[in-house]
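Undergrad: So here's my_file.pdb, just PDB, C-alpha atoms, pLDDT in the B column:
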ATOM      1  CA  MET A 205     162.105 237.176 103.737  1.00 85.00           C
ATOM      2  CA  SER A 206     161.562 239.824 106.382  1.00 94.00           C
ATOM      3  CA  PHE A 207     163.998 240.290 109.231  1.00 96.00           C
ATOM      4  CA  ALA A 208     161.668 238.447 111.618  1.00 93.00           C
ATOM      5  CA  GLU A 209     161.299 235.505 109.234  1.00 94.00           C
ATOM      6  CA  GLN A 210     165.043 235.259 108.653  1.00 96.00           C
ATOM      7  CA  ALA A 211     165.905 235.597 112.332  1.00 97.00           C
ATOM      8  CA  PHE A 212     163.323 233.073 113.515  1.00 94.00           C
ATOM      9  CA  ALA A 213     164.391 230.557 110.888  1.00 95.00           C
ATOM     10  CA  ALA A 214     168.038 230.933 111.926  1.00 97.00           C
ATOM     11  CA  PHE A 215     167.101 230.680 115.608  1.00 97.00           C
ATOM     12  CA  ARG A 216     165.173 227.471 115.017  1.00 95.00           C
ATOM     13  CA  ARG A 217     168.205 226.058 113.196  1.00 96.00           C
ATOM     14  CA  GLY A 218     170.371 226.892 116.195  1.00 96.00           C
ATOM     15  CA  GLU A 219     172.399 229.503 114.305  1.00 97.00           C
ATOM     16  CA  THR A 220     172.657 231.848 117.263  1.00 96.00           C
ATOM     17  CA  ASP A 221     175.594 233.887 115.952  1.00 97.00           C
ATOM     18  CA  ALA A 222     173.694 234.616 112.752  1.00 97.00           C
ATOM     19  CA  VAL A 223     170.635 235.666 114.752  1.00 98.00           C
ATOM     20  CA  GLU A 224     172.699 238.092 116.807  1.00 98.00           C
ATOM     21  CA  ARG A 225     174.345 239.557 113.712  1.00 98.00           C
ATOM     22  CA  LEU A 226     171.025 240.025 111.920  1.00 98.00           C
ATOM     23  CA  SER A 227     169.389 241.459 115.032  1.00 98.00           C
ATOM     24  CA  ARG A 228     172.097 244.041 115.729  1.00 98.00           C
ATOM     25  CA  ALA A 229     171.960 245.223 112.126  1.00 98.00           C
ATOM     26  CA  GLU A 230     168.162 245.470 112.268  1.00 98.00           C
ATOM     27  CA  LEU A 231     168.274 247.303 115.599  1.00 98.00           C
ATOM     28  CA  GLY A 232     170.630 249.916 114.156  1.00 98.00           C
ATOM     29  CA  ARG A 233     168.456 250.386 111.089  1.00 98.00           C
ATOM     30  CA  ALA A 234     165.226 250.590 113.087  1.00 98.00           C
ATOM     31  CA  LYS A 235     166.580 253.164 115.527  1.00 97.00           C
ATOM     32  CA  ALA A 236     167.957 255.292 112.708  1.00 98.00           C
ATOM     33  CA  GLU A 237     164.630 255.238 110.867  1.00 98.00           C
ATOM     34  CA  GLY A 238     162.360 255.521 113.899  1.00 97.00           C
ATOM     35  CA  ASP A 239     160.816 252.145 113.143  1.00 98.00           C
ATOM     36  CA  ALA A 240     159.320 250.996 116.458  1.00 98.00           C
ATOM     37  CA  ALA A 241     158.160 247.639 115.120  1.00 97.00           C
ATOM     38  CA  GLY A 242     161.618 246.856 113.774  1.00 98.00           C
ATOM     39  CA  GLU A 243     163.232 247.918 117.039  1.00 98.00           C
ATOM     40  CA  VAL A 244     160.897 245.696 119.062  1.00 98.00           C
ATOM     41  CA  ASP A 245     161.526 242.699 116.792  1.00 98.00           C
ATOM     42  CA  ALA A 246     165.303 243.166 116.969  1.00 98.00           C
ATOM     43  CA  LEU A 247     165.350 243.546 120.752  1.00 98.00           C
ATOM     44  CA  CYS A 248     163.192 240.446 121.166  1.00 98.00           C
ATOM     45  CA  MET A 249     165.520 238.390 118.998  1.00 98.00           C
ATOM     46  CA  LEU A 250     168.525 239.633 120.973  1.00 98.00           C
ATOM     47  CA  ALA A 251     166.653 238.589 124.106  1.00 98.00           C
ATOM     48  CA  ARG A 252     166.294 235.101 122.651  1.00 97.00           C
ATOM     49  CA  VAL A 253     170.015 235.031 121.927  1.00 97.00           C
ATOM     50  CA  ALA A 254     170.636 235.917 125.576  1.00 97.00           C
ATOM     51  CA  VAL A 255     168.393 233.176 126.929  1.00 96.00           C
ATOM     52  CA  ARG A 256     169.943 230.556 124.675  1.00 95.00           C
ATOM     53  CA  GLY A 257     173.273 231.578 126.194  1.00 94.00           C
ATOM     54  CA  GLY A 258     171.844 231.080 129.680  1.00 94.00           C
ATOM     55  CA  ASP A 259     171.584 234.792 130.491  1.00 97.00           C
ATOM     56  CA  LEU A 260     168.041 235.044 131.854  1.00 97.00           C
ATOM     57  CA  SER A 261     168.654 238.451 133.438  1.00 97.00           C
ATOM     58  CA  GLY A 262     169.971 239.880 130.168  1.00 98.00           C
ATOM     59  CA  CYS A 263     167.021 238.389 128.325  1.00 98.00           C
ATOM     60  CA  TRP A 264     164.575 239.973 130.767  1.00 98.00           C
ATOM     61  CA  GLU A 265     166.231 243.392 130.433  1.00 98.00           C
ATOM     62  CA  LEU A 266     166.123 243.296 126.633  1.00 98.00           C
ATOM     63  CA  ALA A 267     162.487 242.186 126.631  1.00 98.00           C
ATOM     64  CA  MET A 268     161.586 244.980 129.056  1.00 98.00           C
ATOM     65  CA  GLU A 269     163.344 247.466 126.773  1.00 98.00           C
ATOM     66  CA  ALA A 270     161.342 246.116 123.850  1.00 98.00           C
ATOM     67  CA  LEU A 271     158.134 246.417 125.852  1.00 98.00           C
ATOM     68  CA  GLU A 272     158.883 250.064 126.635  1.00 98.00           C
ATOM     69  CA  VAL A 273     159.456 250.787 122.937  1.00 98.00           C
ATOM     70  CA  ALA A 274     156.164 249.070 122.118  1.00 98.00           C
ATOM     71  CA  ARG A 275     154.260 251.041 124.731  1.00 97.00           C
ATOM     72  CA  ARG A 276     155.753 254.361 123.622  1.00 97.00           C
ATOM     73  CA  SER A 277     154.649 253.617 120.068  1.00 97.00           C
ATOM     74  CA  GLY A 278     151.001 253.452 121.142  1.00 96.00           C
ATOM     75  CA  ASP A 279     150.502 250.223 119.179  1.00 96.00           C
ATOM     76  CA  SER A 280     149.532 247.526 121.659  1.00 94.00           C
ATOM     77  CA  ALA A 281     150.037 244.842 119.014  1.00 94.00           C
ATOM     78  CA  LEU A 282     153.791 245.430 119.293  1.00 97.00           C
ATOM     79  CA  GLU A 283     153.668 244.181 122.883  1.00 97.00           C
ATOM     80  CA  ARG A 284     153.145 240.581 121.708  1.00 96.00           C
ATOM     81  CA  GLY A 285     156.811 239.678 121.304  1.00 96.00           C
ATOM     82  CA  PRO A 286     158.115 241.249 124.506  1.00 98.00           C
ATOM     83  CA  VAL A 287     155.328 239.800 126.636  1.00 98.00           C
ATOM     84  CA  HIS A 288     155.979 236.331 125.221  1.00 97.00           C
ATOM     85  CA  VAL A 289     159.687 236.556 126.028  1.00 97.00           C
ATOM     86  CA  LEU A 290     159.000 237.813 129.552  1.00 98.00           C
ATOM     87  CA  ALA A 291     156.570 234.936 130.090  1.00 97.00           C
ATOM     88  CA  ALA A 292     159.165 232.416 128.928  1.00 96.00           C
ATOM     89  CA  VAL A 293     161.768 233.823 131.324  1.00 97.00           C
ATOM     90  CA  ALA A 294     159.302 233.742 134.224  1.00 97.00           C
ATOM     91  CA  ARG A 295     158.549 230.109 133.398  1.00 95.00           C
ATOM     92  CA  MET A 296     162.245 229.210 133.294  1.00 95.00           C
ATOM     93  CA  ARG A 297     162.782 230.938 136.646  1.00 96.00           C
ATOM     94  CA  GLY A 298     159.937 228.955 138.165  1.00 95.00           C
ATOM     95  CA  GLU A 299     157.881 232.103 138.784  1.00 97.00           C
ATOM     96  CA  LEU A 300     154.689 230.319 137.829  1.00 97.00           C
ATOM     97  CA  ALA A 301     152.060 232.863 138.865  1.00 97.00           C
ATOM     98  CA  GLU A 302     153.823 235.604 136.890  1.00 97.00           C
ATOM     99  CA  ALA A 303     154.364 233.267 133.936  1.00 97.00           C
ATOM    100  CA  ARG A 304     150.666 232.345 133.892  1.00 97.00           C
ATOM    101  CA  GLU A 305     149.650 235.997 133.913  1.00 97.00           C
ATOM    102  CA  LEU A 306     152.098 236.901 131.154  1.00 97.00           C
ATOM    103  CA  PHE A 307     151.143 233.958 128.939  1.00 97.00           C
ATOM    104  CA  ALA A 308     147.468 234.855 129.364  1.00 96.00           C
ATOM    105  CA  ARG A 309     148.292 238.427 128.301  1.00 97.00           C
ATOM    106  CA  SER A 310     150.280 237.115 125.341  1.00 96.00           C
ATOM    107  CA  ILE A 311     147.379 234.904 124.260  1.00 96.00           C
ATOM    108  CA  ALA A 312     144.962 237.830 124.487  1.00 96.00           C
ATOM    109  CA  LEU A 313     147.234 240.047 122.369  1.00 95.00           C
ATOM    110  CA  ARG A 314     147.451 237.346 119.697  1.00 94.00           C
ATOM    111  CA  GLU A 315     143.720 236.731 119.717  1.00 95.00           C
ATOM    112  CA  GLU A 316     143.062 240.442 119.220  1.00 92.00           C
ATOM    113  CA  VAL A 317     144.764 240.329 115.819  1.00 89.00           C
ATOM    114  CA  GLY A 318     143.670 236.826 114.801  1.00 91.00           C
ATOM    115  CA  LEU A 319     147.045 235.062 115.027  1.00 90.00           C
ATOM    116  CA  ALA A 320     145.614 231.608 115.675  1.00 91.00           C
ATOM    117  CA  ASP A 321     148.864 229.681 115.167  1.00 90.00           C
ATOM    118  CA  LEU A 322     150.685 231.873 117.676  1.00 91.00           C
ATOM    119  CA  VAL A 323     147.841 231.507 120.177  1.00 94.00           C
ATOM    120  CA  VAL A 324     148.359 227.748 120.049  1.00 94.00           C
ATOM    121  CA  TRP A 325     152.106 228.090 120.687  1.00 94.00           C
ATOM    122  CA  GLU A 326     151.316 230.085 123.812  1.00 95.00           C
ATOM    123  CA  GLN A 327     148.759 227.516 124.930  1.00 95.00           C
ATOM    124  CA  MET A 328     151.553 224.957 124.745  1.00 95.00           C
ATOM    125  CA  ASN A 329     153.728 227.129 126.984  1.00 96.00           C
ATOM    126  CA  LEU A 330     150.853 227.729 129.369  1.00 97.00           C
ATOM    127  CA  GLY A 331     150.362 223.966 129.578  1.00 97.00           C
ATOM    128  CA  TYR A 332     153.810 223.577 131.139  1.00 97.00           C
ATOM    129  CA  VAL A 333     153.053 226.312 133.658  1.00 97.00           C
ATOM    130  CA  GLU A 334     149.845 224.531 134.622  1.00 97.00           C
ATOM    131  CA  LEU A 335     151.639 221.191 134.893  1.00 96.00           C
ATOM    132  CA  GLU A 336     154.342 222.637 137.113  1.00 95.00           C
ATOM    133  CA  SER A 337     151.644 224.307 139.215  1.00 96.00           C
ATOM    134  CA  GLY A 338     149.964 220.958 139.862  1.00 95.00           C
ATOM    135  CA  ALA A 339     147.039 221.436 137.471  1.00 96.00           C
ATOM    136  CA  ALA A 340     147.761 218.282 135.478  1.00 94.00           C
ATOM    137  CA  GLY A 341     144.254 217.987 134.042  1.00 95.00           C
ATOM    138  CA  ARG A 342     144.338 221.505 132.628  1.00 96.00           C
ATOM    139  CA  ALA A 343     147.841 220.915 131.257  1.00 96.00           C
ATOM    140  CA  ARG A 344     146.711 217.719 129.517  1.00 96.00           C
ATOM    141  CA  GLU A 345     143.753 219.551 127.993  1.00 96.00           C
ATOM    142  CA  LEU A 346     146.020 222.286 126.639  1.00 96.00           C
ATOM    143  CA  PHE A 347     148.637 219.852 125.290  1.00 95.00           C
ATOM    144  CA  GLU A 348     146.059 217.680 123.548  1.00 93.00           C
ATOM    145  CA  GLY A 349     144.458 220.756 121.996  1.00 92.00           C
ATOM    146  CA  VAL A 350     147.817 221.858 120.616  1.00 91.00           C
ATOM    147  CA  ARG A 351     148.548 218.442 119.084  1.00 89.00           C
ATOM    148  CA  ARG A 352     145.089 218.337 117.530  1.00 90.00           C
ATOM    149  CA  TYR A 353     145.500 221.834 116.075  1.00 91.00           C
ATOM    150  CA  ALA A 354     148.914 220.955 114.639  1.00 89.00           C
ATOM    151  CA  ARG A 355     147.465 217.896 112.858  1.00 88.00           C
ATOM    152  CA  GLU A 356     144.334 219.618 111.591  1.00 92.00           C
ATOM    153  CA  HIS A 357     146.082 222.791 110.374  1.00 90.00           C
ATOM    154  CA  GLY A 358     149.366 221.319 109.186  1.00 89.00           C
ATOM    155  CA  VAL A 359     151.580 223.359 111.531  1.00 90.00           C
ATOM    156  CA  GLY A 360     154.653 221.184 111.113  1.00 88.00           C
ATOM    157  CA  ASP A 361     156.936 223.169 113.400  1.00 91.00           C
ATOM    158  CA  LEU A 362     154.607 222.362 116.304  1.00 93.00           C
ATOM    159  CA  VAL A 363     155.081 218.609 115.878  1.00 90.00           C
ATOM    160  CA  PRO A 364     158.277 218.181 117.938  1.00 93.00           C
ATOM    161  CA  TYR A 365     156.813 220.314 120.723  1.00 94.00           C
ATOM    162  CA  GLY A 366     153.591 218.321 120.767  1.00 92.00           C
ATOM    163  CA  GLU A 367     155.551 215.061 120.940  1.00 93.00           C
ATOM    164  CA  LEU A 368     157.637 216.456 123.791  1.00 96.00           C
ATOM    165  CA  ALA A 369     154.498 217.347 125.742  1.00 95.00           C
ATOM    166  CA  SER A 370     153.183 213.826 125.131  1.00 95.00           C
ATOM    167  CA  ALA A 371     156.450 212.369 126.412  1.00 96.00           C
ATOM    168  CA  VAL A 372     156.167 214.458 129.574  1.00 96.00           C
ATOM    169  CA  LEU A 373     152.616 213.219 130.125  1.00 96.00           C
ATOM    170  CA  ALA A 374     153.591 209.611 129.420  1.00 96.00           C
ATOM    171  CA  GLU A 375     156.253 209.756 132.100  1.00 97.00           C
ATOM    172  CA  ARG A 376     153.770 211.329 134.492  1.00 95.00           C
ATOM    173  CA  ASP A 377     151.362 208.463 133.780  1.00 95.00           C
ATOM    174  CA  GLY A 378     154.045 205.931 134.677  1.00 96.00           C
ATOM    175  CA  ASP A 379     154.934 204.866 131.119  1.00 97.00           C
ATOM    176  CA  ALA A 380     158.684 205.521 131.119  1.00 97.00           C
ATOM    177  CA  ALA A 381     159.305 203.313 128.078  1.00 96.00           C
ATOM    178  CA  GLY A 382     156.614 205.093 126.083  1.00 97.00           C
ATOM    179  CA  ALA A 383     158.055 208.440 127.126  1.00 97.00           C
ATOM    180  CA  VAL A 384     161.468 207.423 125.778  1.00 97.00           C
ATOM    181  CA  ARG A 385     159.960 206.388 122.456  1.00 97.00           C
ATOM    182  CA  LEU A 386     158.143 209.713 122.224  1.00 96.00           C
ATOM    183  CA  LEU A 387     161.382 211.505 123.051  1.00 96.00           C
ATOM    184  CA  ALA A 388     162.975 209.710 120.122  1.00 96.00           C
ATOM    185  CA  GLU A 389     160.122 211.007 117.957  1.00 95.00           C
ATOM    186  CA  VAL A 390     160.884 214.547 119.115  1.00 95.00           C
ATOM    187  CA  GLU A 391     164.491 214.177 118.020  1.00 95.00           C
ATOM    188  CA  ARG A 392     163.521 212.591 114.700  1.00 95.00           C
ATOM    189  CA  ALA A 393     161.083 215.431 113.943  1.00 94.00           C
ATOM    190  CA  LEU A 394     163.744 218.015 114.774  1.00 96.00           C
ATOM    191  CA  ARG A 395     166.291 216.287 112.512  1.00 95.00           C
ATOM    192  CA  GLU A 396     163.812 216.221 109.650  1.00 94.00           C
ATOM    193  CA  ARG A 397     163.311 219.973 109.974  1.00 93.00           C
ATOM    194  CA  GLY A 398     166.935 220.834 110.686  1.00 96.00           C
ATOM    195  CA  GLN A 399     165.830 222.551 113.889  1.00 96.00           C
ATOM    196  CA  VAL A 400     166.620 222.680 117.593  1.00 96.00           C
ATOM    197  CA  LEU A 401     164.178 223.236 120.434  1.00 96.00           C
ATOM    198  CA  ASP A 402     163.550 226.636 121.943  1.00 93.00           C
ATOM    199  CA  PRO A 403     165.569 227.098 125.160  1.00 93.00           C
ATOM    200  CA  ASP A 404     162.715 226.554 127.636  1.00 92.00           C
ATOM    201  CA  ASP A 405     161.603 223.386 125.863  1.00 95.00           C
ATOM    202  CA  ALA A 406     165.194 222.198 125.565  1.00 95.00           C
ATOM    203  CA  GLU A 407     165.358 222.394 129.360  1.00 94.00           C
ATOM    204  CA  VAL A 408     162.214 220.266 129.586  1.00 96.00           C
ATOM    205  CA  ARG A 409     163.706 217.664 127.258  1.00 97.00           C
ATOM    206  CA  GLU A 410     167.003 217.423 129.120  1.00 97.00           C
ATOM    207  CA  ALA A 411     165.308 217.144 132.515  1.00 97.00           C
ATOM    208  CA  LEU A 412     162.955 214.485 131.165  1.00 97.00           C
ATOM    209  CA  ARG A 413     165.817 212.545 129.588  1.00 97.00           C
ATOM    210  CA  ALA A 414     167.710 212.551 132.890  1.00 97.00           C
ATOM    211  CA  ARG A 415     164.685 211.245 134.796  1.00 97.00           C
ATOM    212  CA  LEU A 416     164.075 208.517 132.220  1.00 97.00           C
ATOM    213  CA  VAL A 417     167.696 207.365 132.311  1.00 97.00           C
ATOM    214  CA  THR A 418     167.401 207.139 136.087  1.00 96.00           C
ATOM    215  CA  ALA A 419     164.148 205.187 135.807  1.00 96.00           C
ATOM    216  CA  LEU A 420     165.238 202.729 133.109  1.00 97.00           C
ATOM    217  CA  GLY A 421     169.024 202.720 133.379  1.00 97.00           C
ATOM    218  CA  GLU A 422     171.346 203.663 130.531  1.00 95.00           C
ATOM    219  CA  GLU A 423     170.833 200.417 128.621  1.00 96.00           C
ATOM    220  CA  GLY A 424     167.083 200.374 129.070  1.00 96.00           C
ATOM    221  CA  PHE A 425     166.864 203.959 127.870  1.00 96.00           C
ATOM    222  CA  LYS A 426     169.026 203.193 124.821  1.00 95.00           C
ATOM    223  CA  ASP A 427     166.944 200.120 123.941  1.00 95.00           C
ATOM    224  CA  GLU A 428     163.664 202.025 123.962  1.00 95.00           C
ATOM    225  CA  HIS A 429     165.156 205.055 122.245  1.00 94.00           C
ATOM    226  CA  SER A 430     166.685 203.041 119.411  1.00 91.00           C
ATOM    227  CA  SER A 431     163.432 201.219 118.783  1.00 79.00           C
ATOM    228  CA  GLU A 432     161.941 204.458 117.381  1.00 55.00           C
ATOM    229  CA  SER A 433     164.916 206.538 116.193  1.00 44.00           C
TER     230      SER A 433
END
Please express what this file holds, its structure, as structure tokens.

TA:
Amino acid sequence: MSFAEQAFAAFRRGETDAVERLSRAELGRAKAEGDAAGEVDALCMLARVAVRGGDLSGCWELAMEALEVARRSGDSALERGPVHVLAAVARMRGELAEARELFARSIALREEVGLADLVVWEQMNLGYVELESGAAGRARELFEGVRRYAREHGVGDLVPYGELASAVLAERDGDAAGAVRLLAEVERALRERGQVLDPDDAEVREALRARLVTALGEEGFKDEHSSES
């Protein structure tokens, strides 16, 4: 496995210490060898470590450093990772206009090199920006497209994220019980894969869970949750 594959797999498993260790080793190697792509990948993974630790400012700084390395290299394709991370931070900060612009740029960079699966991941992220901006119809369109793509192309890692988006929409539509059952499906899918959610989506899940507990009460939430878990 490449560094990126190893680091992403560890990140998805929640093994943050391992990600940091791998990333620092890769960053040292890449700098020593003048490998811009390796340096960008390592900096982006360190940025993800920072955001999982709640350090949005540190994450932004690392992603900006990675973006500068990418731009100096002259290879615009290397900008994909840094732009994605910057977009995620803007979303988590509630800076929706900037997040929308950055996600659109990230999608364009992925489309340029034919990375269809990664385009769909960004469409999922953009869906949350649209939802938070009040464009619920556009968000629903994006979320449903992501779920359809995941089913048709067998992108298993997208499943928990698609279920989470469905849970968010169910709550918005007034179906709190259905949202809880979908939330249970998210957790089941994550257990099956031995994964944890990315930090921005983990925030969505926790906020949704809190609202559903308020709406249904602790016992009502537990009843609906246990019916699917």

Undergrad: May I have the residues within 8 Å of region 403-405 of chain A as a PyMOL selection string, using all atoms listed in the file and disregarding those fewer than 4 positions away in the same chain?

TA: chain A and resi 255-256+292+295-296+365+409

Undergrad: Could you give me, as number ranges by chain, the residues within 12 Å of Glu336 (chain A), counting only C-alpha atoms and dropping anything in the same chain fewer than 3 positions from it?

TA: A: 295-301, 303-304, 329-333, 339-344, 372-373, 376, 408

Undergrad: Let me know the centre plus edge lengths, in Å and rounded to one decimal, of a box with edges along x, y and z that contains all listed atoms of region 294-298 of chain A and is padded by 4 Å on every side, as lines of an AutoDock Vina configuration file.

TA:
center_x = 160.7
center_y = 231.3
center_z = 135.7
size_x = 12.2
size_y = 12.8
size_z = 12.9

Undergrad: With the PyMOL selection byres ((chain A and resi 389) around 8) as the selection, what would be picked from this file? Answer as a ChimeraX atom specification, please.

TA: /A:364,367,385-388,390-393,432-433

Undergrad: Find, counting only C-alpha atoms, the residue in A:Leu335, A:Phe307, A:Arg413, A:Leu231 that gets nearest to Val323 (chain A).

TA: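 Under the stated criterion, the closest residue is A:Phe307.
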
Undergrad: Can you tell me, as a compact mmCIF listing (two decimals) with C-alpha atoms, in the frame of the given file, what residues are no more than 10 Å from Gly349 (chain A) when counting all atoms listed in the file, ignoring any on the same chain fewer than 5 positions away?

TA:
# COMPACT_ATOMS: atom_id res chain seq x y z
CA VAL A 324 148.36 227.75 120.05
CA GLN A 327 148.76 227.52 124.93
CA MET A 328 151.55 224.96 124.74
CA ALA A 343 147.84 220.92 131.26
CA ARG A 344 146.71 217.72 129.52
CA ALA A 354 148.91 220.96 114.64
CA GLY A 366 153.59 218.32 120.77

Undergrad: Identify which of the residues A:Tyr353, A:Ser310, A:Glu407, A:Glu305 lies closest to Glu283 (chain A), counting all atoms listed in the file when measuring atom-to-atom distances.

TA: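 The closest residue to Glu283 (chain A) is A:Ser310.
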
Undergrad: Have a look at A:Leu226, A:Leu416, A:Ala251, A:Cys263 and name the one nearest to Ala214 (chain A); count only C-alpha atoms.

TA: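 Checking each of A:Leu226, A:Leu416, A:Ala251, A:Cys263 against Ala214 (chain A), counting only C-alpha atoms, the winner is A:Leu226.
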
Undergrad: May I ask for the distance between CA of Val223 (chain A) and CA of Leu319 (chain A), given in Å to one decimal place?

TA: 23.6 Å

Undergrad: Which of these residues is nearest to Glu410 (chain A), using all atoms listed in the file: A:Ala294, A:Leu368, A:Leu346, A:Val273?

TA: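 Among the listed residues, A:Leu368 lies closest to Glu410 (chain A).
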
Undergrad: Taking into account only C-alpha atoms, which residue in the set A:Ala234, A:Ala270, A:Val293, A:Ala208 is nearest to Ala254 (chain A)?

TA: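 Under the stated criterion, the closest residue is A:Val293.
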
Undergrad: A:Val253, A:Ala241, A:Ala267, A:Leu306: which is nearest Ser280 (chain A), counting only C-alpha atoms?

TA: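 Closest to Ser280 (chain A), using only C-alpha atoms: A:Ala241.
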
Undergrad: Got a sec: who's within 10 Å of Glu269 (chain A), counting all atoms listed in the file, leaving out chain neighbours fewer than 3 positions off, as a compact mmCIF listing (two decimals) with C-alpha atoms, in the frame of the given file?

TA:
# COMPACT_ATOMS: atom_id res chain seq x y z
CA GLU A 243 163.23 247.92 117.04
CA VAL A 244 160.90 245.70 119.06
CA LEU A 247 165.35 243.55 120.75
CA CYS A 248 163.19 240.45 121.17
CA ALA A 251 166.65 238.59 124.11
CA CYS A 263 167.02 238.39 128.32
CA TRP A 264 164.58 239.97 130.77
CA GLU A 265 166.23 243.39 130.43
CA LEU A 266 166.12 243.30 126.63
CA GLU A 272 158.88 250.06 126.64
CA VAL A 273 159.46 250.79 122.94
CA ALA A 274 156.16 249.07 122.12
CA ARG A 275 154.26 251.04 124.73
CA PRO A 286 158.12 241.25 124.51

Undergrad: Could you expand the PyMOL selection byres ((chain A and resi 428) around 9) into the explicit residues it covers here, written as a list in words?

TA: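 On this input, the PyMOL selection byres ((chain A and resi 428) around 9) captures Ala381, Gly382, Val384, Arg385, Ala388, Glu423, Gly424, Phe425, Lys426, Asp427, His429, Ser430, Ser431 and Glu432 of chain A.
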
Undergrad: What is the distance between CA of Arg225 (chain A) and CA of Glu396 (chain A), in Å to one decimal?

TA: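 Computing it gives 25.9 Å between the two atoms.
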
Undergrad: CA of Ser370 (chain A) and CA of Ala291 (chain A) are how many Å apart?

TA: 21.9 Å

Undergrad: Please list as a list in words every residue within 9 Å of region 355-357 of chain A, counting all atoms listed in the file and excluding residues in the same chain fewer than 5 positions away.

TA: Asp321, Val350 and Val363 of chain A

Undergrad: Can you spit out the residues from that selection as an mmCIF file, in the frame of the given file, using C-alpha atoms?

TA:
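Result written to part_34.cif:
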data_model
loop_
_atom_site.group_PDB
_atom_site.id
_atom_site.type_symbol
_atom_site.label_atom_id
_atom_site.label_comp_id
_atom_site.auth_asym_id
_atom_site.auth_seq_id
_atom_site.Cartn_x
_atom_site.Cartn_y
_atom_site.Cartn_z
ATOM 1 C CA ASP A 321 148.864 229.681 115.167
ATOM 2 C CA VAL A 350 147.817 221.858 120.616
ATOM 3 C CA VAL A 363 155.081 218.609 115.878
#
